[in-house]
Structures are given as structure tokens and as C-alpha cells.
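Student: Compact mmCIF, C-alpha atoms, file my_file26.txt:
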# COMPACT_ATOMS: atom_id res chain seq x y z
CA MET A 242 256.22 -77.48 -0.21
CA SER A 243 259.62 -76.30 -1.31
CA ARG A 244 260.57 -72.64 -1.10
CA ASN A 245 260.41 -72.43 -4.87
CA THR A 246 256.85 -73.72 -5.07
CA LYS A 247 255.84 -71.37 -2.26
CA ILE A 248 257.11 -68.32 -4.14
CA ASN A 249 255.33 -69.44 -7.31
CA ALA A 250 252.07 -69.96 -5.40
CA LEU A 251 252.43 -66.53 -3.80
CA LEU A 252 252.86 -64.93 -7.24
CA LEU A 253 249.66 -66.58 -8.47
CA LEU A 254 247.86 -65.56 -5.30
CA ALA A 255 248.90 -61.93 -5.79
CA VAL A 256 247.53 -61.95 -9.34
CA ALA A 257 244.26 -63.49 -8.16
CA ALA A 258 243.99 -60.92 -5.35
CA LEU A 259 244.56 -58.03 -7.76
CA ALA A 260 241.69 -59.32 -9.89
CA ILE A 261 239.32 -60.06 -7.00
CA VAL A 262 239.78 -56.88 -4.95
CA PRO A 263 238.08 -54.51 -7.44
CA LEU A 264 235.12 -56.92 -7.65
CA ALA A 265 234.89 -57.51 -3.91
CA LEU A 266 235.06 -53.80 -3.09
CA GLY A 267 232.44 -53.03 -5.73
CA LEU A 268 234.65 -50.50 -7.46
CA GLY A 269 232.42 -50.63 -10.53
CA ASP A 270 229.28 -49.66 -8.62
CA HIS A 271 229.50 -45.98 -9.57
CA LYS A 272 229.07 -46.91 -13.22
CA LYS A 273 225.91 -47.53 -15.15
CA GLU A 274 227.49 -50.69 -16.51
CA PRO A 275 230.19 -51.91 -14.14
CA PHE A 276 233.31 -53.63 -15.50
CA THR A 277 232.85 -53.02 -19.19
CA GLY A 278 235.91 -53.24 -21.41
CA SER A 279 238.14 -50.16 -21.55
CA ASP A 280 238.18 -50.59 -25.34
CA SER A 281 234.45 -49.98 -25.59
CA GLU A 282 234.73 -47.10 -23.10
CA ALA A 283 237.20 -45.51 -25.49
CA GLU A 284 234.67 -45.90 -28.31
CA THR A 285 232.13 -44.06 -26.17
CA ALA A 286 234.68 -41.33 -25.46
CA ILE A 287 235.30 -40.96 -29.19
CA THR A 288 231.61 -40.46 -29.91
CA GLU A 289 231.51 -37.87 -27.09
CA LEU A 290 234.49 -35.97 -28.49
CA LYS A 291 233.32 -36.16 -32.09
CA PRO A 292 229.60 -36.98 -32.17
CA ASP A 293 229.45 -37.04 -35.97
CA TYR A 294 232.24 -39.62 -36.34
CA GLU A 295 231.17 -42.69 -38.25
CA PRO A 296 233.42 -45.76 -38.28
CA TRP A 297 234.33 -46.11 -41.95
CA PHE A 298 235.01 -49.84 -41.91
CA SER A 299 233.31 -52.69 -40.11
CA PRO A 300 234.79 -56.03 -39.09
CA LEU A 301 234.78 -58.70 -41.79
CA TYR A 302 233.50 -61.23 -39.29
CA GLU A 303 231.72 -60.45 -36.07
CA PRO A 304 230.82 -63.13 -33.51
CA PRO A 305 227.01 -63.34 -33.71
CA SER A 306 226.52 -63.27 -29.93
CA GLY A 307 228.30 -62.58 -26.66
CA GLU A 308 228.43 -66.33 -26.04
CA ILE A 309 230.24 -67.04 -29.31
CA GLU A 310 232.60 -64.17 -28.61
CA SER A 311 233.48 -65.48 -25.16
CA ALA A 312 233.90 -68.95 -26.65
CA LEU A 313 236.42 -67.57 -29.14
CA PHE A 314 238.25 -65.73 -26.34
CA ALA A 315 238.34 -68.95 -24.34
CA LEU A 316 239.69 -70.71 -27.41
CA GLN A 317 242.46 -68.13 -27.70
CA ALA A 318 243.41 -68.56 -24.05
CA ALA A 319 243.18 -72.35 -24.32
CA LEU A 320 245.45 -72.44 -27.37
CA GLY A 321 248.03 -70.35 -25.58
CA ALA A 322 247.79 -72.30 -22.34
CA GLY A 323 248.00 -75.58 -24.27
CA VAL A 324 251.22 -74.60 -26.02
CA LEU A 325 252.74 -73.36 -22.74
CA ALA A 326 251.78 -76.58 -20.96
CA TYR A 327 253.23 -78.64 -23.82
CA TYR A 328 256.48 -76.70 -23.59
CA PHE A 329 256.93 -77.13 -19.83
CA GLY A 330 255.79 -80.75 -19.93
CA LEU A 331 258.24 -81.58 -22.68
CA ARG A 332 261.10 -79.86 -20.86
CA ARG A 333 260.35 -81.66 -17.63
CA GLY A 334 260.12 -85.01 -19.39
CA ARG A 335 263.39 -84.44 -21.22
CA ARG A 336 265.17 -83.44 -18.03
CA GLN A 337 263.91 -86.54 -16.24
CA GLY A 338 264.90 -88.72 -19.19
CA GLU A 339 268.39 -87.27 -19.25
CA GLN A 340 268.73 -87.75 -15.52
CA ARG A 341 267.64 -91.37 -15.75
CA ALA A 342 269.97 -92.07 -18.66
CA GLN A 343 272.82 -90.56 -16.69
CA GLU A 344 272.00 -92.63 -13.62
CA ARG A 345 271.87 -95.77 -15.75
CA GLN A 346 275.20 -94.91 -17.33
CA GLU A 347 276.75 -94.32 -13.94
CA ALA A 348 275.31 -97.61 -12.65
CA GLU A 349 276.71 -99.46 -15.67
CA GLY A 350 280.04 -97.73 -15.25
CA ALA A 351 280.10 -98.77 -11.60
CA SER A 352 279.26 -102.40 -12.40
CA VAL A 353 281.92 -102.49 -15.11
CA ALA A 354 284.39 -101.01 -12.66
CA ALA A 355 283.35 -103.59 -10.10
CA ARG A 356 283.81 -106.44 -12.61
CA GLU A 357 287.18 -105.29 -13.92
CA PRO A 358 289.37 -106.33 -10.99
CA ASP A 359 287.87 -109.87 -11.23
CA ASP A 360 288.75 -110.01 -14.93
CA GLU A 361 292.31 -109.12 -14.15
CA SER A 362 292.62 -111.76 -11.43
CA VAL A 363 291.49 -114.42 -13.99
CA MET B 79 244.36 -51.09 -26.17
CA HIS B 80 242.52 -52.43 -29.19
CA ILE B 81 241.31 -49.50 -31.23
CA ALA B 82 238.13 -50.85 -32.80
CA GLU B 83 237.73 -51.42 -36.52
CA GLY B 84 237.08 -48.19 -38.42
CA PHE B 85 237.65 -46.02 -35.34
CA LEU B 86 240.73 -44.25 -36.68
CA PRO B 87 240.34 -41.78 -39.56
CA PRO B 88 241.86 -43.19 -42.79
CA ALA B 89 244.87 -40.84 -42.75
CA HIS B 90 245.78 -41.93 -39.20
CA ALA B 91 245.17 -45.60 -39.98
CA ILE B 92 247.51 -45.43 -42.98
CA ALA B 93 250.16 -43.44 -41.13
CA TRP B 94 250.33 -45.98 -38.27
CA GLY B 95 250.38 -48.80 -40.77
CA VAL B 96 253.34 -47.22 -42.56
CA ALA B 97 255.10 -46.62 -39.24
CA SER B 98 254.63 -50.24 -38.12
CA ALA B 99 255.42 -52.05 -41.37
CA PRO B 100 259.24 -51.76 -41.30
CA PHE B 101 259.37 -53.06 -37.71
CA VAL B 102 257.28 -56.08 -38.61
CA VAL B 103 259.27 -56.78 -41.81
CA HIS B 104 262.53 -56.51 -39.86
CA GLY B 105 261.00 -58.74 -37.19
CA VAL B 106 260.06 -61.43 -39.71
CA ARG B 107 263.67 -61.42 -40.93
CA SER B 108 265.03 -61.73 -37.38
CA LEU B 109 262.55 -64.51 -36.68
CA THR B 110 263.48 -66.57 -39.74
CA ARG B 111 267.18 -66.08 -38.97
CA GLU B 112 266.67 -67.18 -35.37
CA VAL B 113 264.77 -70.30 -36.45
CA LYS B 114 267.34 -71.14 -39.13
CA GLU B 115 270.37 -70.68 -36.88
CA HIS B 116 268.84 -72.15 -33.75
CA PRO B 117 266.09 -74.61 -34.71
CA GLU B 118 265.95 -75.69 -31.07
CA SER B 119 264.58 -72.28 -30.09
CA THR B 120 261.37 -72.84 -32.07
CA LEU B 121 259.69 -74.36 -29.03
CA LEU B 122 260.54 -71.45 -26.76
CA LEU B 123 259.45 -69.02 -29.49
CA GLY B 124 256.13 -70.83 -29.57
CA ALA B 125 255.88 -70.60 -25.80
CA SER B 126 256.57 -66.84 -25.88
CA GLY B 127 253.86 -66.35 -28.49
CA ALA B 128 251.53 -68.54 -26.46
CA PHE B 129 252.13 -66.37 -23.38
CA THR B 130 250.95 -63.31 -25.35
CA PHE B 131 247.98 -65.32 -26.60
CA VAL B 132 246.87 -66.22 -23.09
CA LEU B 133 247.45 -62.84 -21.47
CA SER B 134 245.79 -60.78 -24.18
CA ALA B 135 242.69 -62.98 -23.89
CA LEU B 136 242.47 -62.46 -20.12
CA LYS B 137 240.17 -59.54 -19.44
CA LEU B 138 240.63 -58.63 -15.82
CA PRO B 139 238.68 -56.22 -13.62
CA SER B 140 240.54 -53.15 -12.46
CA VAL B 141 240.23 -50.47 -9.77
CA THR B 142 238.54 -48.02 -12.14
CA GLY B 143 235.53 -50.33 -12.41
CA SER B 144 236.29 -51.36 -15.96
CA CYS B 145 238.01 -54.34 -17.49
CA SER B 146 241.14 -54.57 -19.55
CA HIS B 147 243.74 -57.13 -20.46
CA PRO B 148 247.52 -57.49 -20.16
CA THR B 149 249.65 -57.82 -23.28
CA GLY B 150 252.23 -60.49 -22.44
CA THR B 151 254.88 -58.93 -24.67
CA GLY B 152 257.55 -58.31 -22.03
CA LEU B 153 258.60 -61.97 -21.77
CA GLY B 154 259.27 -62.47 -25.48
CA ALA B 155 261.06 -59.12 -25.70
CA ILE B 156 263.48 -60.16 -22.93
CA LEU B 157 264.06 -63.63 -24.38
CA PHE B 158 264.21 -62.96 -28.11
CA ARG B 159 264.56 -59.16 -28.35
CA PRO B 160 261.81 -56.78 -29.48
CA PRO B 161 261.94 -57.30 -33.29
CA ILE B 162 260.80 -60.91 -32.93
CA MET B 163 258.13 -59.85 -30.47
CA ALA B 164 256.79 -57.46 -33.14
CA VAL B 165 255.92 -60.52 -35.23
CA LEU B 166 254.45 -62.56 -32.39
CA GLY B 167 252.36 -59.58 -31.25
CA THR B 168 251.12 -58.94 -34.77
CA ILE B 169 249.99 -62.56 -35.10
CA THR B 170 248.00 -62.24 -31.86
CA LEU B 171 246.42 -58.96 -32.97
CA LEU B 172 245.55 -60.41 -36.37
CA PHE B 173 243.87 -63.41 -34.76
CA GLN B 174 241.77 -61.10 -32.59
CA ALA B 175 240.92 -58.74 -35.45
CA LEU B 176 239.81 -61.51 -37.79
CA LEU B 177 238.05 -63.93 -35.44
CA LEU B 178 236.92 -61.85 -32.48
CA ALA B 179 236.13 -58.49 -34.09
CA HIS B 180 238.46 -57.17 -31.41
CA GLY B 181 240.68 -54.48 -32.85
CA GLY B 182 240.54 -54.41 -36.62
CA LEU B 183 242.31 -54.51 -39.94
CA THR B 184 242.16 -50.75 -40.51
CA THR B 185 243.48 -50.14 -36.99
CA LEU B 186 245.96 -53.03 -37.09
CA GLY B 187 248.88 -50.69 -37.82
CA ALA B 188 248.10 -48.53 -34.80
CA ASN B 189 247.50 -51.51 -32.52
CA VAL B 190 250.69 -53.22 -33.71
CA PHE B 191 252.59 -50.01 -33.04
CA SER B 192 251.43 -49.84 -29.42
CA MET B 193 251.37 -53.51 -28.42
CA ALA B 194 253.95 -55.18 -30.64
CA ILE B 195 256.51 -52.39 -31.09
CA VAL B 196 256.53 -49.72 -28.37
CA GLY B 197 255.58 -52.12 -25.55
CA PRO B 198 258.35 -54.68 -26.24
CA TRP B 199 260.99 -52.00 -26.90
CA ALA B 200 260.10 -50.02 -23.75
CA GLY B 201 260.11 -53.20 -21.66
CA TYR B 202 263.38 -54.38 -23.16
CA ALA B 203 265.01 -50.98 -22.58
CA VAL B 204 263.99 -51.06 -18.92
CA TYR B 205 265.24 -54.64 -18.60
CA ARG B 206 268.66 -53.84 -20.06
CA LEU B 207 269.00 -50.66 -18.02
CA LEU B 208 268.13 -52.38 -14.75
CA ARG B 209 270.37 -55.37 -15.48
CA ARG B 210 273.28 -53.09 -16.29
CA THR B 211 272.88 -51.30 -12.97
CA GLY B 212 273.05 -54.64 -11.17
CA VAL B 213 269.36 -55.12 -10.35
CA PRO B 214 268.51 -58.83 -9.72
CA LEU B 215 267.12 -60.70 -12.72
CA MET B 216 263.58 -61.24 -11.47
CA VAL B 217 263.17 -57.62 -10.35
CA ALA B 218 264.27 -56.47 -13.82
CA VAL B 219 261.85 -58.96 -15.39
CA PHE B 220 258.99 -57.61 -13.28
CA PHE B 221 259.60 -54.00 -14.28
CA ALA B 222 260.18 -54.89 -17.92
CA ALA B 223 256.79 -56.62 -18.11
CA PHE B 224 255.14 -53.79 -16.13
CA VAL B 225 256.53 -51.12 -18.46
CA ALA B 226 255.81 -53.11 -21.64
CA ASP B 227 252.19 -53.42 -20.56
CA LEU B 228 251.63 -49.86 -19.37
CA SER B 229 253.49 -48.13 -22.21
CA THR B 230 251.28 -49.97 -24.71
CA TYR B 231 248.18 -48.40 -23.22
CA CYS B 232 249.82 -44.96 -23.02
CA VAL B 233 250.57 -45.17 -26.75
CA THR B 234 246.95 -46.11 -27.47
CA SER B 235 245.84 -43.04 -25.51
CA VAL B 236 248.19 -40.81 -27.53
CA GLN B 237 247.00 -42.37 -30.80
CA LEU B 238 243.35 -41.71 -29.97
CA ALA B 239 244.05 -38.20 -28.66
CA LEU B 240 245.87 -37.37 -31.91
CA ALA B 241 242.92 -38.60 -33.94
CA PHE B 242 240.22 -37.09 -31.74
CA PRO B 243 241.47 -33.91 -30.03
CA ASP B 244 239.03 -32.33 -27.61
CA PRO B 245 237.09 -29.48 -29.31
CA SER B 246 237.87 -27.08 -26.44
CA SER B 247 241.00 -28.39 -24.68
CA GLY B 248 242.67 -29.93 -27.74
CA PHE B 249 245.13 -32.81 -27.81
CA LEU B 250 246.03 -32.63 -24.12
CA GLY B 251 242.41 -32.60 -23.03
CA ALA B 252 241.71 -35.69 -25.10
CA LEU B 253 244.91 -37.33 -23.85
CA GLY B 254 243.70 -36.84 -20.27
CA LYS B 255 240.39 -38.40 -21.18
CA PHE B 256 241.78 -41.47 -22.99
CA GLY B 257 244.61 -41.74 -20.48
CA SER B 258 242.14 -41.99 -17.60
CA ILE B 259 240.29 -44.74 -19.46
CA PHE B 260 243.33 -46.77 -20.49
CA ALA B 261 246.41 -45.94 -18.47
CA VAL B 262 244.87 -45.73 -14.99
CA THR B 263 242.87 -48.92 -15.50
CA GLN B 264 246.02 -50.60 -16.65
CA ILE B 265 248.26 -49.95 -13.64
CA PRO B 266 247.07 -52.90 -11.49
CA LEU B 267 246.92 -55.10 -14.57
CA ALA B 268 250.50 -54.21 -15.39
CA VAL B 269 251.43 -55.31 -11.85
CA SER B 270 249.62 -58.61 -12.49
CA GLU B 271 251.45 -59.02 -15.77
CA GLY B 272 254.73 -58.37 -13.97
CA PHE B 273 253.99 -61.14 -11.46
CA LEU B 274 252.91 -63.61 -14.16
CA THR B 275 255.99 -62.88 -16.26
CA VAL B 276 258.24 -63.42 -13.23
CA LEU B 277 256.42 -66.70 -12.58
CA VAL B 278 256.99 -67.95 -16.13
CA MET B 279 260.60 -66.76 -16.06
CA ARG B 280 261.16 -68.69 -12.81
CA LEU B 281 259.72 -71.83 -14.40
CA LEU B 282 261.91 -71.28 -17.46
CA ALA B 283 264.97 -70.80 -15.28
CA GLN B 284 264.25 -74.21 -13.77
CA SER B 285 263.42 -76.06 -16.96
CA SER B 286 265.45 -74.38 -19.70
CA LYS B 287 268.58 -72.96 -18.13
CA GLY B 288 270.74 -73.87 -21.14
CA GLU B 289 268.41 -72.11 -23.55
CA LEU B 290 268.20 -68.99 -21.38
CA THR B 291 271.99 -68.92 -21.12
CA ARG B 292 272.29 -69.03 -24.90
CA LEU B 293 269.77 -66.17 -25.13
CA GLY B 294 271.84 -64.13 -22.68
CA VAL B 295 269.38 -64.10 -19.77
CA PHE B 296 271.95 -65.89 -17.65
CA PRO B 297 275.64 -64.98 -18.04
CA ALA B 298 277.28 -67.41 -20.43
CA ASP B 299 280.71 -67.20 -18.81
CA GLU B 300 279.51 -68.59 -15.46
CA ARG B 301 280.32 -72.17 -16.40
CA LYS B 302 283.64 -71.20 -17.93
CA ARG B 303 284.55 -69.27 -14.82
CA THR B 304 283.84 -72.24 -12.55
CA GLU B 305 285.79 -74.46 -14.92
CA THR B 306 288.81 -72.21 -14.77
CA THR B 307 288.63 -71.91 -10.99
CA GLU B 308 288.46 -75.70 -10.83
CA ALA B 309 291.45 -75.92 -13.15
CA VAL B 310 293.31 -73.45 -10.96
CA ALA B 311 292.39 -75.44 -7.87
CA ARG B 312 293.76 -78.55 -9.51
Would you mind writing the file out in C-alpha cells?

Tutor:
Amino acid sequence: MSRNTKINALLLLAVAALAIVPLALGLGDHKKEPFTGSDSEAETAITELKPDYEPWFSPLYEPPSGEIESALFALQAALGAGVLAYYFGLRRGRRQGEQRAQERQEAEGASVAAREPDDESV
Amino acid sequence: MHIAEGFLPPAHAIAWGVASAPFVVHGVRSLTREVKEHPESTLLLGASGAFTFVLSALKLPSVTGSCSHPTGTGLGAILFRPPIMAVLGTITLLFQALLLAHGGLTTLGANVFSMAIVGPWAGYAVYRLLRRTGVPLMVAVFFAAFVADLSTYCVTSVQLALAFPDPSSGFLGALGKFGSIFAVTQIPLAVSEGFLTVLVMRLLAQSSKGELTRLGVFPADERKRTETTEAVAR
């Protein structure tokens, strides 16, 4: 593994560790519902601060179940990851193509150069 | 940082919408200019938007025992400057508001203001400041992403505290409450976002050095300088 790849792997490992540590240490155990979204916790806080507050608008479309919602979240992540993968794949392919074309050109140049002296002798 | 649909009083919702609109309009103009002048940057623009798409869908557990998600806006702000990121962030928020019932149309203005405007600008400011003081690129990238992420959640806390001040301790009391929900949870996630942004920037530095040089991430005069030193050597 090159030094570059090692650093990249370490970065990913650090992100994974930051996500796993709270779960492994059970840092959500003091809560009635561990690891809920902070967005919904804020909603709860709002109803605590202003118990008579009624949301005055509701979403036009609401995923009918938690499964559908997580499917749509997965779709969002997949779309993003797909575009990113396309970008890096395309770049890599282009770079390799350019490199090959250059090598070919150099090889042709070398063969032409090798032939030239013969031509002159004839 | 998504304030749920209908959870901001109408006056607040409108005010944040009015505050955000000029940034987004200006951003759309910058975006169309960028695409017109540099059609080759469309791909990288797409990749920056995609990064925000992925990161804002990743709900990660945090030390406070709740879950939250990064924003992914630091990368685009560094590459294409914050106005363009305002558009890309708004698209992401709109997708989530319409399809996922996450955030909302009435709170879109407020959410755009925190995630697509303040976050990118704060991150970009930190990036420029650190670069100017000679901090290495990747360190500056890390802190830019960290600040873009964390500042977004601080703004959300302020927005909610303004709308729902504590009956006894007022705005500051409510700010403490929302801040402990959002900002504290967000610190480790902002570190994660910093690492991921550095990772993507490293991959970009490998694969798209020319593009990053044009965008000013790498100094443009480096090649010229080596050319002139070569010329001098000759």
C-alpha cells in the first residue's frame, strides 16, 4: 500500500471510529429513546418551551412508513455516491487514456527517429 | 439542522425566506456564469453537489446519544466559492423537504440560511484566513469543513431560540437549550466531515490537479515559476 492510500484509509477509519464509539460506549443509554435525530429532539424542545404551539403547515408529502423514509434517504445517498464515483472514474480513465496516448506518441516518435538515419543513408 | 415543516412562526419563516432569497438569486447567477465560461467545470460542480447529497443523508450517532448529519458544504465553498454553494445546498434541502418530509417549504428559508449560506461563508472565510497565514492546504480544508458544519447548527439554534424564547430565561435560555441539542451533538460529526472533506480533496488533488489550479486551490504560478527557472538554467 502506498503512503497515499494509507493516509486515505486512516481518514476513513477515523470517521468510522467516530461513528462507532458512541454506539459501543452506549452513550445513548441514559435516554428513553437512544440515538434519535437531533431534529426531532428540537421539535420536542419547542413543545416544551411553548406547549400551545401548533405547526401551521404540514409536509405536502410524507413517507408513509419508516421503511419508505429510510429507502428515500438511501436513494439520496446513492444518487450522491453514484455521481461522485462517476466523476472519479471518469477522471481516472481520462488520465490513463492520456498517458497511453502519450506513450504511443513517444513510441512512434522513437521509431520514426530510429528509421530516419536509414532513410538518409538510402 | 432541519427545522421541521410548520415549526417556525409565519413571521420568522417569511423573514428568513427574505434574508436567504438574494443569496440564492446571486448564487444562481454565479452558477450560470461559471457553467457558461467554464463548461468543463460542470462535472466538478456535480461532484460538489453530490458530496452534499451524500453527507446530508448520513445520519451518524454522536456522543450526546442522539443522531445528526453533516452538511458537506465546505468542499463546494472552497472549490466554487460560497454563492454557488448556496444553490447546491438549496437543491439538497428542497429534495429533502419535498420527498423526505425532512425540513420543509415554510422553513426552507431558515434552513437555507443556516446550511447553504452561513455554513459555506463561514467555512470559506476560515479557509482563506488559514491559507493566507501559511497553513498547509489540507489543514485549512479540514477546519473549513469543520466550521461550515458546526456554524450551520449554531445558526439553527439561534433561529429556534429567536422563535421560541424560554418563558423564564428568555432568548439565552432557549439558545442554551437548542445549542445543547444541536451544537454539542455536532462537534464530533463536524470532525468526521472535516476528515471526509480532506479525503475527497486529496482524491481531487490526484485526479483533477488542472481543474483545482484553475479554481485557485493550487497556486497557478507554480508551473510558470518552474518554466522560468528552467529557462534561466538554460

Student: For range 285-297 of chain B, work out the shell of residues within 7 Å, counting all atoms listed in the file and skipping chain neighbours fewer than 5 positions away, then give it as a list of chain:residue names.

Tutor: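 Neighbouring residues, sequence-local ones excluded: A:Arg332, A:Arg333, B:Leu157.
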
Student: Just write the chosen residues, C-alpha atoms, as a PDB file, keeping the file's coordinate frame.

Tutor:
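out.pdb, freshly written:
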ATOM      1  CA  ARG A 332     261.100 -79.860 -20.860  1.00  0.00           C
ATOM      2  CA  ARG A 333     260.350 -81.660 -17.630  1.00  0.00           C
TER       3      ARG A 333
ATOM      4  CA  LEU B 157     264.060 -63.630 -24.380  1.00  0.00           C
TER       5      LEU B 157
END

Student: To one decimal in Å, tell me the separation between CA of Ile92 in chain B and CA of Ser299 in chain A.

Tutor: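 Taking CA of Ile92 in chain B as the start and CA of Ser299 in chain A as the end point, the length is 16.2 Å.
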
Student: Could you tell me how far CA of Ala97 in chain B lies from CA of Leu186 in chain B, in Å and to one decimal?

Tutor: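 Those two atoms sit 11.4 Å apart.
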
Student: Determine which residues of chain A sit within 6 Å of chain B, taking into account all atoms listed in the file, and present them as a list in words.

Tutor: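 So the contacting residues turn out to be Leu252, Val256, Ala260, Pro263, Leu268, Gly269, Pro275, Phe276, Thr277, Gly278, Ser279, Leu290, Pro296, Trp297, Phe298, Ser299, Pro300, Glu303, Phe314, Ala318, Gly321, Leu325 and Arg332 of chain A.
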
Student: Any chance you can output those residues with C-alpha atoms as a short mmCIF file (atom, residue, chain, number, x, y, z; two decimals), in the coordinates of the input?

Tutor:
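Result file follows (out_19.cif):
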data_model
loop_
_atom_site.label_atom_id
_atom_site.label_comp_id
_atom_site.auth_asym_id
_atom_site.auth_seq_id
_atom_site.Cartn_x
_atom_site.Cartn_y
_atom_site.Cartn_z
CA LEU A 252 252.86 -64.93 -7.24
CA VAL A 256 247.53 -61.95 -9.34
CA ALA A 260 241.69 -59.32 -9.89
CA PRO A 263 238.08 -54.51 -7.44
CA LEU A 268 234.65 -50.50 -7.46
CA GLY A 269 232.42 -50.63 -10.53
CA PRO A 275 230.19 -51.91 -14.14
CA PHE A 276 233.31 -53.63 -15.50
CA THR A 277 232.85 -53.02 -19.19
CA GLY A 278 235.91 -53.24 -21.41
CA SER A 279 238.14 -50.16 -21.55
CA LEU A 290 234.49 -35.97 -28.49
CA PRO A 296 233.42 -45.76 -38.28
CA TRP A 297 234.33 -46.11 -41.95
CA PHE A 298 235.01 -49.84 -41.91
CA SER A 299 233.31 -52.69 -40.11
CA PRO A 300 234.79 -56.03 -39.09
CA GLU A 303 231.72 -60.45 -36.07
CA PHE A 314 238.25 -65.73 -26.34
CA ALA A 318 243.41 -68.56 -24.05
CA GLY A 321 248.03 -70.35 -25.58
CA LEU A 325 252.74 -73.36 -22.74
CA ARG A 332 261.10 -79.86 -20.86
#

Student: Need the shell around Pro160 in chain B: protein/DNA/RNA residues with any atom at most 7 Å away, counting only C-alpha atoms. Skip same-chain ones fewer than 2 positions apart. Format as an MDAnalysis selection string?

Tutor: chainID B and resid 155 158 162:164 198:199 202

Student: Counting all atoms listed in the file, what is within 6 Å of range 187-195 of chain B, bar same-chain residues fewer than 5 positions away, as a list in words?

Tutor: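 So the residues in contact are Trp94, Gly95, Ser98, Ala164, Gly167, Thr168, Thr230 and Val233 of chain B.
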
Student: Record the distance separating CA of Ile265 in chain B and CA of Tyr231 in chain B, expressed in Å with one decimal.

Tutor: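 Answer for the CA of Ile265 in chain B to CA of Tyr231 in chain B separation: 9.7 Å.
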
Student: May I have the residues at most 7 Å from (261.0, -56.1, -21.4) in the file's coordinates, counting only C-alpha atoms, as number ranges by chain?

Tutor: B: 152-153, 155-156, 198-205, 219, 222-223, 226

Student: Under the rule that only C-alpha atoms are counted, which of B:Val165, B:Leu240, B:Met279, B:Arg159 is the nearest residue to Val217 in chain B?

Tutor: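 Among the listed residues, B:Met279 lies closest to Val217 in chain B.
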
Student: When you count all atoms listed in the file, which of these residues is closest to Leu171 in chain B: A:Ala354, A:Ala326, A:Glu349, A:Gln317?

Tutor: A:Gln317

Student: N, CA and C atoms are needed for range 316-337 of chain A; please write them out as an mmCIF file, keeping the file's coordinate frame.

Tutor:
data_model
loop_
_atom_site.group_PDB
_atom_site.id
_atom_site.type_symbol
_atom_site.label_atom_id
_atom_site.label_comp_id
_atom_site.auth_asym_id
_atom_site.auth_seq_id
_atom_site.Cartn_x
_atom_site.Cartn_y
_atom_site.Cartn_z
ATOM 1 N N LEU A 316 238.876 -69.917 -26.486
ATOM 2 C CA LEU A 316 239.690 -70.710 -27.410
ATOM 3 C C LEU A 316 241.095 -70.114 -27.517
ATOM 4 N N GLN A 317 241.153 -68.794 -27.608
ATOM 5 C CA GLN A 317 242.460 -68.130 -27.700
ATOM 6 C C GLN A 317 243.303 -68.445 -26.461
ATOM 7 N N ALA A 318 242.679 -68.293 -25.288
ATOM 8 C CA ALA A 318 243.410 -68.560 -24.050
ATOM 9 C C ALA A 318 243.811 -70.027 -23.963
ATOM 10 N N ALA A 319 242.899 -70.922 -24.397
ATOM 11 C CA ALA A 319 243.180 -72.350 -24.320
ATOM 12 C C ALA A 319 244.331 -72.735 -25.238
ATOM 13 N N LEU A 320 244.345 -72.166 -26.443
ATOM 14 C CA LEU A 320 245.450 -72.440 -27.370
ATOM 15 C C LEU A 320 246.773 -72.047 -26.743
ATOM 16 N N GLY A 321 246.803 -70.837 -26.197
ATOM 17 C CA GLY A 321 248.030 -70.350 -25.580
ATOM 18 C C GLY A 321 248.451 -71.211 -24.405
ATOM 19 N N ALA A 322 247.484 -71.505 -23.530
ATOM 20 C CA ALA A 322 247.790 -72.300 -22.340
ATOM 21 C C ALA A 322 248.249 -73.696 -22.747
ATOM 22 N N GLY A 323 247.621 -74.249 -23.796
ATOM 23 C CA GLY A 323 248.000 -75.580 -24.270
ATOM 24 C C GLY A 323 249.442 -75.610 -24.732
ATOM 25 N N VAL A 324 249.844 -74.636 -25.522
ATOM 26 C CA VAL A 324 251.220 -74.600 -26.020
ATOM 27 C C VAL A 324 252.199 -74.438 -24.850
ATOM 28 N N LEU A 325 251.859 -73.558 -23.895
ATOM 29 C CA LEU A 325 252.740 -73.360 -22.740
ATOM 30 C C LEU A 325 252.880 -74.658 -21.940
ATOM 31 N N ALA A 326 251.744 -75.333 -21.726
ATOM 32 C CA ALA A 326 251.780 -76.580 -20.960
ATOM 33 C C ALA A 326 252.606 -77.631 -21.694
ATOM 34 N N TYR A 327 252.448 -77.695 -23.017
ATOM 35 C CA TYR A 327 253.230 -78.640 -23.820
ATOM 36 C C TYR A 327 254.718 -78.355 -23.632
ATOM 37 N N TYR A 328 255.070 -77.072 -23.713
ATOM 38 C CA TYR A 328 256.480 -76.700 -23.590
ATOM 39 C C TYR A 328 257.059 -77.164 -22.248
ATOM 40 N N PHE A 329 256.363 -76.797 -21.150
ATOM 41 C CA PHE A 329 256.930 -77.130 -19.830
ATOM 42 C C PHE A 329 256.901 -78.630 -19.581
ATOM 43 N N GLY A 330 255.851 -79.305 -20.086
ATOM 44 C CA GLY A 330 255.790 -80.750 -19.930
ATOM 45 C C GLY A 330 256.931 -81.444 -20.653
ATOM 46 N N LEU A 331 257.167 -80.985 -21.874
ATOM 47 C CA LEU A 331 258.240 -81.580 -22.680
ATOM 48 C C LEU A 331 259.598 -81.378 -21.998
ATOM 49 N N ARG A 332 259.822 -80.163 -21.512
ATOM 50 C CA ARG A 332 261.100 -79.860 -20.860
ATOM 51 C C ARG A 332 261.317 -80.748 -19.636
ATOM 52 N N ARG A 333 260.262 -80.877 -18.847
ATOM 53 C CA ARG A 333 260.350 -81.660 -17.630
ATOM 54 C C ARG A 333 260.656 -83.115 -17.963
ATOM 55 N N GLY A 334 259.919 -83.627 -18.983
ATOM 56 C CA GLY A 334 260.120 -85.010 -19.390
ATOM 57 C C GLY A 334 261.547 -85.238 -19.879
ATOM 58 N N ARG A 335 262.035 -84.295 -20.699
ATOM 59 C CA ARG A 335 263.390 -84.440 -21.220
ATOM 60 C C ARG A 335 264.417 -84.447 -20.098
ATOM 61 N N ARG A 336 264.203 -83.538 -19.135
ATOM 62 C CA ARG A 336 265.170 -83.440 -18.030
ATOM 63 C C ARG A 336 265.202 -84.746 -17.241
ATOM 64 N N GLN A 337 263.984 -85.286 -16.991
ATOM 65 C CA GLN A 337 263.910 -86.540 -16.240
ATOM 66 C C GLN A 337 264.560 -87.667 -17.013
#
